[in-house]
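Worksheet for the structure shown next.
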Amino acid sequence: MIKLVVNGSKGRMGRAILGLAREDADFSVVGEVDLGDDINAAAAGADVIMDFSLHSATLGAARAAANNKAALVIGTTGHSADAKKAIADAVRGIPVVWAANFSTGVNTLFYITRKVAEILGPGFDQEIVEMHHRLKKDAPSGTAERLAQILADVKQRQLKELARHGRAGIVGERTPDEIGIHAVRGGDVVGDHTVIFAAPGERVELAHKATSRETFARGALRAAKWVVGKPAGLYDMQDVLGLK
């Protein structure tokens, strides 16, 4: 049985994960950690820690996992480049699944987006539109950032050189290489993502729409089962799903 600690246990994702984990005979929930709790005490004896908290709390979870030789699953988004580096440095020596999105469907979208970008080539303009509930604190979503990174990788360019976050005013004509990224917020939308490839006379759109957080929670628990016992290293859901 896998001993599980959830960091961010009172959040929407944390509650969804705990609900499903308690129904799964493969898991034993040994720690529920949220703001103000001591994650180091909870992590003692854990097989895996799942972090769905705040970007400011992930480093503490990473250190607790490393100190206790536990595996780690990170689903929190909104980290700065410096924070990502600090987390990666902290988890050397343990297996980690770090993903922007744990949905099987979204990870299929990641895979297909790369293939479509390779097939269509530079003649198609690329835009990403994402929508989430009104309470989401970071923008764009981690999933949208991952999609944009995939497009930049296919172009063999740095994303920071190509990203265009929204447009307002007289911005001039669209450049051929830019990647538009647009965040929409409202209501209780769990997560919608659309990748648009547009050329004169035709358009290809790839879309994924999530209607329940259980989709992500089930994927995260699948990742937790997969990562326990793996060699030390950084993995993502493409590894978990065998898409690499």
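Lettering and numbering for the structure tokens are positional, with chains as A, B, ... in the shown order, residues counted from 1 in each chain, and ligands counted from 1 in the shown order.
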Expected answer as a PyMOL selection string: alpha helix (DSSP H) residues in segment 29-208 of chain A: chain A and resi 39-43+58-67+81-90+104-120+142-155+159-162
Exercise: segment 111-128 of chain A partners within 7 Å, only C-alpha atoms, chain neighbours under 3 positions left out, as a PyMOL selection string: chain A and resi 107-108+144+150-151+154+176+179-182+194-199
Please produce a file of those selected residues containing N, CA and C atoms, as a PDB file, in the first residue's frame.
ATOM      1  N   ASN A 107      -2.857  15.543 -21.877  1.00  0.00           N
ATOM      2  CA  ASN A 107      -1.540  15.048 -22.283  1.00  0.00           C
ATOM      3  C   ASN A 107      -1.565  14.463 -23.684  1.00  0.00           C
ATOM      4  N   THR A 108      -2.711  13.948 -24.094  1.00  0.00           N
ATOM      5  CA  THR A 108      -2.877  13.575 -25.493  1.00  0.00           C
ATOM      6  C   THR A 108      -2.847  14.822 -26.372  1.00  0.00           C
ATOM      7  N   ALA A 144      -1.508  26.029 -20.654  1.00  0.00           N
ATOM      8  CA  ALA A 144      -1.292  26.910 -21.807  1.00  0.00           C
ATOM      9  C   ALA A 144       0.194  27.185 -22.011  1.00  0.00           C
ATOM     10  N   ILE A 150       5.723  23.778 -26.259  1.00  0.00           N
ATOM     11  CA  ILE A 150       5.783  22.750 -27.308  1.00  0.00           C
ATOM     12  C   ILE A 150       5.896  23.406 -28.679  1.00  0.00           C
ATOM     13  N   LEU A 151       5.087  24.430 -28.924  1.00  0.00           N
ATOM     14  CA  LEU A 151       5.133  25.130 -30.210  1.00  0.00           C
ATOM     15  C   LEU A 151       6.487  25.799 -30.424  1.00  0.00           C
ATOM     16  N   VAL A 154       9.142  23.196 -31.340  1.00  0.00           N
ATOM     17  CA  VAL A 154       9.066  22.781 -32.746  1.00  0.00           C
ATOM     18  C   VAL A 154       9.736  23.826 -33.639  1.00  0.00           C
ATOM     19  N   PRO A 176       5.122  36.411 -38.196  1.00  0.00           N
ATOM     20  CA  PRO A 176       4.926  35.000 -38.548  1.00  0.00           C
ATOM     21  C   PRO A 176       5.252  34.019 -37.426  1.00  0.00           C
ATOM     22  N   ILE A 179       3.683  33.474 -30.934  1.00  0.00           N
ATOM     23  CA  ILE A 179       2.713  32.521 -30.403  1.00  0.00           C
ATOM     24  C   ILE A 179       1.788  33.290 -29.476  1.00  0.00           C
ATOM     25  N   GLY A 180       0.550  33.452 -29.885  1.00  0.00           N
ATOM     26  CA  GLY A 180      -0.414  34.182 -29.064  1.00  0.00           C
ATOM     27  C   GLY A 180      -0.918  33.322 -27.918  1.00  0.00           C
ATOM     28  N   ILE A 181      -0.981  33.905 -26.720  1.00  0.00           N
ATOM     29  CA  ILE A 181      -1.452  33.186 -25.533  1.00  0.00           C
ATOM     30  C   ILE A 181      -2.480  34.084 -24.842  1.00  0.00           C
ATOM     31  N   HIS A 182      -3.705  33.594 -24.691  1.00  0.00           N
ATOM     32  CA  HIS A 182      -4.805  34.426 -24.208  1.00  0.00           C
ATOM     33  C   HIS A 182      -5.532  33.729 -23.063  1.00  0.00           C
ATOM     34  N   THR A 194      -7.610  25.609 -26.133  1.00  0.00           N
ATOM     35  CA  THR A 194      -7.711  25.470 -27.582  1.00  0.00           C
ATOM     36  C   THR A 194      -6.421  25.952 -28.228  1.00  0.00           C
ATOM     37  N   VAL A 195      -5.883  25.146 -29.121  1.00  0.00           N
ATOM     38  CA  VAL A 195      -4.713  25.531 -29.915  1.00  0.00           C
ATOM     39  C   VAL A 195      -5.198  25.740 -31.348  1.00  0.00           C
ATOM     40  N   ILE A 196      -4.918  26.932 -31.868  1.00  0.00           N
ATOM     41  CA  ILE A 196      -5.394  27.312 -33.198  1.00  0.00           C
ATOM     42  C   ILE A 196      -4.211  27.418 -34.149  1.00  0.00           C
ATOM     43  N   PHE A 197      -4.339  26.750 -35.296  1.00  0.00           N
ATOM     44  CA  PHE A 197      -3.368  26.883 -36.380  1.00  0.00           C
ATOM     45  C   PHE A 197      -4.124  27.517 -37.554  1.00  0.00           C
ATOM     46  N   ALA A 198      -3.762  28.730 -37.930  1.00  0.00           N
ATOM     47  CA  ALA A 198      -4.522  29.466 -38.943  1.00  0.00           C
ATOM     48  C   ALA A 198      -3.632  29.866 -40.111  1.00  0.00           C
ATOM     49  N   ALA A 199      -4.104  29.572 -41.317  1.00  0.00           N
ATOM     50  CA  ALA A 199      -3.411  29.945 -42.549  1.00  0.00           C
ATOM     51  C   ALA A 199      -4.449  30.531 -43.507  1.00  0.00           C
TER      52      ALA A 199
END
Neighbour list for Asp82 of chain A as a VMD selection string, cut-off 12 Å, only C-alpha atoms, skip fewer than 6 positions in-chain: chain A and resid 55 to 56 59 88 to 89
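Distance-wise, atom CA of Arg164 of chain A and atom CA of Pro140 of chain A end up 11.3 Å apart.
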Enumerate, in order of chain and increasing residue number, the residues of segment 96-154 of chain A with an atom no farther than 10 Å from segment 209-217 of chain A, each with its shortest atom pair and distance in Å to one decimal, counting only C-alpha atoms, as a tab-separated table.
residue	atom	partner	partner_atom	distance
A:Asn101	CA	A:Phe216	CA	7.0
A:Phe102	CA	A:Phe216	CA	5.0
A:Ser103	CA	A:Phe216	CA	4.8
A:Thr104	CA	A:Thr215	CA	7.9
A:Gly105	CA	A:Ala210	CA	8.8
A:Val106	CA	A:Lys209	CA	8.7
A:Glu130	CA	A:Lys209	CA	9.7
A:Met131	CA	A:Lys209	CA	9.3
A:His132	CA	A:Ala210	CA	9.9
Print the selection's residues with C-alpha atoms to a file, as a tab-separated table (two decimals), in the first residue's frame.
chain	number	residue	atom	x	y	z
A	101	ASN	CA	-1.81	19.06	-16.18
A	102	PHE	CA	-2.53	15.47	-15.14
A	103	SER	CA	-5.49	14.84	-17.44
A	104	THR	CA	-4.98	11.96	-19.85
A	105	GLY	CA	-6.86	13.97	-22.47
A	106	VAL	CA	-4.72	17.07	-22.03
A	130	GLU	CA	-7.47	29.07	-22.28
A	131	MET	CA	-10.41	29.63	-19.93
A	132	HIS	CA	-10.66	28.88	-16.22
DSSP-assigned strand (DSSP E) among segment 75-200 of chain A, expressed as number ranges by chain: A: 95-98, 125-132, 163-165, 179-185, 191-199
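When only C-alpha atoms are used to measure the gap to Leu159 of chain A, the shortest distance among A:Leu147, A:Ile74, A:Ala42, A:Ala66 belongs to A:Leu147.
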Using only C-alpha atoms, which residues sit within 6 Å of segment 8-17 of chain A once same-chain residues fewer than 5 positions away are excluded, as a short mmCIF file (atom, residue, chain, number, x, y, z; two decimals) with C-alpha atoms, in the first residue's frame?
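Below is the file that was written, out19.cif:
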data_model
loop_
_atom_site.label_atom_id
_atom_site.label_comp_id
_atom_site.auth_asym_id
_atom_site.auth_seq_id
_atom_site.Cartn_x
_atom_site.Cartn_y
_atom_site.Cartn_z
CA GLU A 32 -3.10 16.10 4.99
CA VAL A 33 -1.12 19.35 4.91
CA ASP A 34 -2.30 22.89 4.29
CA PHE A 52 -1.27 20.86 -5.24
CA SER A 53 -0.79 23.93 -3.09
CA ALA A 217 -7.17 13.93 -9.62
#
Shell of 10 Å around Ala71 of chain A, only C-alpha atoms, local chain residues under 5 positions omitted, as an NGL selection string: :A and (4 or 46-50 or 62 or 65-66 or 91 or 93-97 or 224-225 or 227-233)
One-decimal distance in Å that lies between atom CA of Phe110 of chain A and atom CA of His79 of chain A: 20.1 Å
